[in-house]
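Enquirer: I am attaching a structure below and will ask some questions about it afterwards.
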Amino acid sequence: MNISTKLWLNTGLSVGLVVVTGIVLFASSRYVAGVAEQGRAANTIVKEVFELTMVADEYLMNRAERAQRQWNLKHDSLARLLQGIQFSEPSEQSILLRVRAEHQGIKATFAEVVENQSKRAANQSRQVELGQQLARMETEKKTAARAPAAAGLRAEIERVGKETALLRELDARLAGQMLAKSQAIVSGGLQLSNSSQDKVARAERQAVVTIMGFVLTLGLAIAGTTLVINRSVVRPIAQVQEGAEIVARGNLDHRLRLDANDEIGEMSRTFDRMLDNLKTTTASRDELDRMNSALKDSTAALIQSEKLASIGQMVAGVAHEMNTPLAYVSSSVELVKDQLPEVEELIAEYVKLTGLLNSGADDQALGKQFEQVQARAAAFRENRPLDEAGALLTRSIHGLNQIRELVMNLKNYSRTDRERMMEFNLNEGLDSVLMLAKPVVKTRVKVVKDYGDIPFVACSPSQINQVFLNLVTNAAQAIEGDSGTIHIQTRASADRVQIVVRDNGKGIPPEAMPKIFEPFFTTKKVGEGTGLGLSISRKIVEEHGGTIKAESVVGKGTVVTVSLPVQAIVAQRKRA
Amino acid sequence: MAKAKVLFVDDEEHIVSTLRSLFRNVCDVYTATSGAQALEIVKSNSIHVIVSDQRMPEMAGIELLREVKRLSPNTMRIMLTGYADFAAIVSSINDGEIYRYIYKPWNNKDVLATVTAAAEVALSLAGDLYDAPPAGIENAQTNILVVDDTPEVHVIIRKLFEGKRQVLSASSCDQALDILEQGNIGVVVADVFVARQDISQLLKILKDQHPHMVTVVLTAFNDANMVVGLINNGQIFRYLTKPVHTGQLRVSIEAALLYHAKCQHQPRLLSRHRVEKAEAGSSPGLTAMIMSRLKSLRGGVAAR
């Protein structure tokens, strides 16, 4: 079963229990309220009966008509009370019926009392009247004739007296009856009240028990579902976490292998699958790490090889530059040498002639030799070998000067090709670099030098020359068409020197600009550049406390500006 | 005998001046300091030999020679240069079909000899001999010999000429010699290293002894000096680099077959491909062995 299903079931169960508990609580409170209402009614009955009894007592004391009416009113209200009240239990109902009956009975009794009272009142007034008649007769004693009448009167008085006594007796009995009935009603009301109170207490106890029961059930249900969730959710999650920690510690062979059909089971299977993948990728990552460290090694080697490559490129160029004058110088000298025998022969003929003159030879021999010399001299003049030789030697001297200049520049470069710091004239450095880069800077590229009066810069000349060579080479390689110009400017400011190399070549596309100083980034064809030139240049410039920046417009050209502090040596020492 | 017209081209004025001095008594010297200037001279004069530098601004030597070959195919083409990258040397074979490749600085005697020899050849050949392609010169009897130790090369070439030419295979110098003794070979397609043996010597001697054989080199080996040797001593027709580019290989072999047929038809043309005698080099024994076996080949020009 899915965890979400379990959680939904759990929620449903809890909500159901809470709703049932609520209904039960509501019902029992309603019940208790009803029972309490009955108890209150029973108490009211008791109170009313007491009041009725008191009114009855009052009536019995002074027999006032007002008390009689009051009693009737009270009785009626009690009657309404007794009619309105209802009890559910049979014992209570029988009590109620008895109370009602007593209540009816007390009315009849009270009516008898009232009737009896009126009889008594009539008897009393008759007695009084008879007494007055008798008194009047006694005063009229003289009339004996009236004696039987008096006796009859006396008998009448006596009968009325007896009757009054009887009525008084009845009255007392009736009062007793009323009291007994009142007591019966009171006792019934009390019984009902007690019974209601009992019921309230019982209902309250029941409600408490029910609530306790539901709370217990809810608690048990929550505990149960928690247990279930714990078993099916929390424990597997703990297992997953534990497994993840084991894996995090580096044990990639650990697997969860949870046997569950829910989301966690799915998760653990995914986790295991992920570990399988991770293990394979880790293997390839290890391979990558090895490759990376190998790459780092080879990067260092490449930086070195870039240095060597730029030197190699330069050497090849220098070789070519030197080769050309060497070719014509050697050829020319050889040619001059080839002409020497002719000169030697002419001189030999002259020597022969002077020898003949000195020895006093005959005119014929002398004339012959003279002709010989003349012919040779004419031929010699015609061939003009000396002019030719002069031209050849002049050319040779020019070529040798060319070679000397190259060698001087090379010496300049090699002298500085030491990792030593010295006061260096950057203009001279640029000149020697331009000379050495001549083969790269094709003849169609015009170089415009705009050198300022700049102070010597304390730096490592070999390194700075390497930067210049790189910048000039890049500028030359950027020029593709027939009309290219490299403009090199040097300027001094307060304590810095600026070198600006500007070309009107193809430019660098904006998307390539941010990468040009990155190692191995090259826009040149494979084999034409290592992609290290500018990154090494930047490294060198920054090590000298300087900056290098490039601006470019595609199709217009590129400007690279190097700014070096005059006291670059200090900057580098600080860095070191 | 009329003097040959020789044109020297170099962007360095002093070089052409010196060459002028060197050749002034030998031939009619023309000089130019740029390719464009040289082409003007070639157009208005029937130049017998052109000697050009490779590294020149605007027009490199190889571009010039390619253009000269088109404009004036009879002109013998020589490269005289101090430095050339490998691609330029290969191009001087495949595009320039040059006669010699001479390094600067040169030796006066050698340059004189080479240029004079080239001038003689050019003078001896009638002006219209070379560029008139004879009709129906397809010679189906001519076979192709492939010398290579990688089977794929043989498969590719067999496939290319299936049903058109017989393609014979050799995977060693010995096998190659055996086949050369038996078959009617017109074109040799060879690597320079076969079965860990440098057979460039074989190619050189073969051209020397049997100039009618046209050589196409197909190799992964790229050494400038070796290729220059194959030009000067082997007069190889094409130089192709491995991996094999089938289209290029087919075009090259077909051109070689056509050229072979042309030479069969006009044997005098072969003088254009005279080679310098190769030095025995590091293996005189091998050289002697190859020499003796090649001399006995049937149908060799030397035997005629």
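Every chain in the structure tokens has a letter given in the order shown (A, B, ...), and although residue numbers restart at 1 in each chain, ligands are simply numbered from 1 in the order shown.
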Name the residues of range 181-231 of chain B that come out as strand (DSSP E) in a backbone DSSP run; write them as number ranges by chain.
Expert: B: 185-190, 193-194, 197-198, 214-219
Enquirer: Could you give me the residues within range 54-300 of chain B that DSSP places in helix (DSSP H, G or I), as a PyMOL selection string?
Expert: chain B and resi 61-71+86-94+108-124+151-160+173-182+200-209+224-232+246-265+267-273+284-295
Enquirer: Kindly provide, as a PyMOL selection string, the residues of chain B having any atom no farther than 6 Å from an atom of chain A, counting only C-alpha atoms.
Expert: chain B and resi 15+18+57+104-105
Enquirer: Any chance you can output those residues with N, CA and C atoms as an mmCIF file, in the first residue's frame?
Expert:
data_model
loop_
_atom_site.group_PDB
_atom_site.id
_atom_site.type_symbol
_atom_site.label_atom_id
_atom_site.label_comp_id
_atom_site.auth_asym_id
_atom_site.auth_seq_id
_atom_site.Cartn_x
_atom_site.Cartn_y
_atom_site.Cartn_z
ATOM 1 N N ILE B 15 69.933 38.579 -54.795
ATOM 2 C CA ILE B 15 69.982 37.190 -55.252
ATOM 3 C C ILE B 15 69.956 37.147 -56.787
ATOM 4 N N THR B 18 73.134 38.457 -58.333
ATOM 5 C CA THR B 18 74.227 37.494 -58.236
ATOM 6 C C THR B 18 74.060 36.386 -59.278
ATOM 7 N N PRO B 57 56.575 37.661 -51.379
ATOM 8 C CA PRO B 57 55.293 38.287 -51.067
ATOM 9 C C PRO B 57 54.359 38.247 -52.275
ATOM 10 N N LYS B 104 69.035 26.994 -51.083
ATOM 11 C CA LYS B 104 69.935 28.118 -50.847
ATOM 12 C C LYS B 104 70.637 27.869 -49.527
ATOM 13 N N PRO B 105 71.814 28.299 -49.252
ATOM 14 C CA PRO B 105 72.703 28.848 -50.279
ATOM 15 C C PRO B 105 73.171 27.744 -51.232
#
Enquirer: In Å, with one decimal, what is the gap from CA of Gln369 in chain A to CA of Asp338 in chain A?
Expert: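 For CA of Gln369 in chain A relative to CA of Asp338 in chain A, the distance reads 24.8 Å.
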Enquirer: For Leu170 in chain A, work out the shell of residues within 9 Å, counting only C-alpha atoms and skipping chain neighbours fewer than 5 positions away, then give it as a ChimeraX atom specification.
Expert: /A:113,116,165,175
Enquirer: Quick one: of A:Gly152, A:Gly189, A:Gly265, A:Gly219, who's nearest to Val18 in chain A, counting only C-alpha atoms?
Expert: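 For Val18 in chain A, the nearest of the given residues is A:Gly219.
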Enquirer: I need the residue nearest Ile179 in chain B from this list: B:Val147, B:Leu269, B:Met291, B:Ile89. Use only C-alpha atoms for the distance.
Expert: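 Closest candidate: B:Val147.
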Enquirer: I want to know what sits within 10 Å of Pro211 in chain B, based on only C-alpha atoms, with residues of the same chain fewer than 2 positions away left out; could you give that as number ranges by chain?
Expert: B: 204-209, 213-215, 234-235, 260, 263, 267, 269-275, 300-302
Enquirer: I'd like the neighbourhood of Val566 in chain A as a ChimeraX atom specification, where a residue qualifies if any of its atoms comes within 9 Å (using only C-alpha atoms), though same-chain residues fewer than 2 positions away should be ignored.
Expert: /A:455-459,492,495-497,564,568-569
Enquirer: Neighbours of Val247 in chain A within 12 Å (only C-alpha atoms; same-chain residues fewer than 5 positions away dropped), as a list of chain:residue names?
Expert: A:Val240, A:Gln241, A:Glu242, A:Leu252, A:Asp253, A:His254, A:Arg255, A:Leu256, A:Phe271, A:Asp272, A:Met274, A:Leu275, A:Asp276, A:Leu278, A:Lys279
Enquirer: Could you name the residues that touch range 32-49 of chain B at 6 Å or less, counting only C-alpha atoms, but leaving out those on the same chain fewer than 3 positions away, as number ranges by chain?
Expert: B: 5-6, 9-11, 59, 64, 75-77, 119, 122
Enquirer: Expressed in Å to a single decimal, how great is the separation between CA of Ser268 in chain A and CA of Asn230 in chain A?
Expert: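 Here the two named atoms are 16.7 Å from each other.
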Enquirer: At what distance in Å, to one decimal, does CA of Ser172 in chain B lie from CA of Ala195 in chain B?
Expert: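 We find that CA of Ala195 in chain B and CA of Ser172 in chain B lie 5.8 Å from each other.
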Enquirer: Pick from A:Ala223, A:Ala476, A:Ile486, A:Val553: nearest to Asn10 in chain A, with only C-alpha atoms counted?
Expert: A:Ala223
Enquirer: Between A:Leu436, A:Tyr31, A:Gln463, A:Val19, which has the minimum distance to Phe424 in chain A (counting only C-alpha atoms)?
Expert: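 Between A:Leu436, A:Tyr31, A:Gln463, A:Val19, the residue approaching Phe424 in chain A most closely is A:Gln463.
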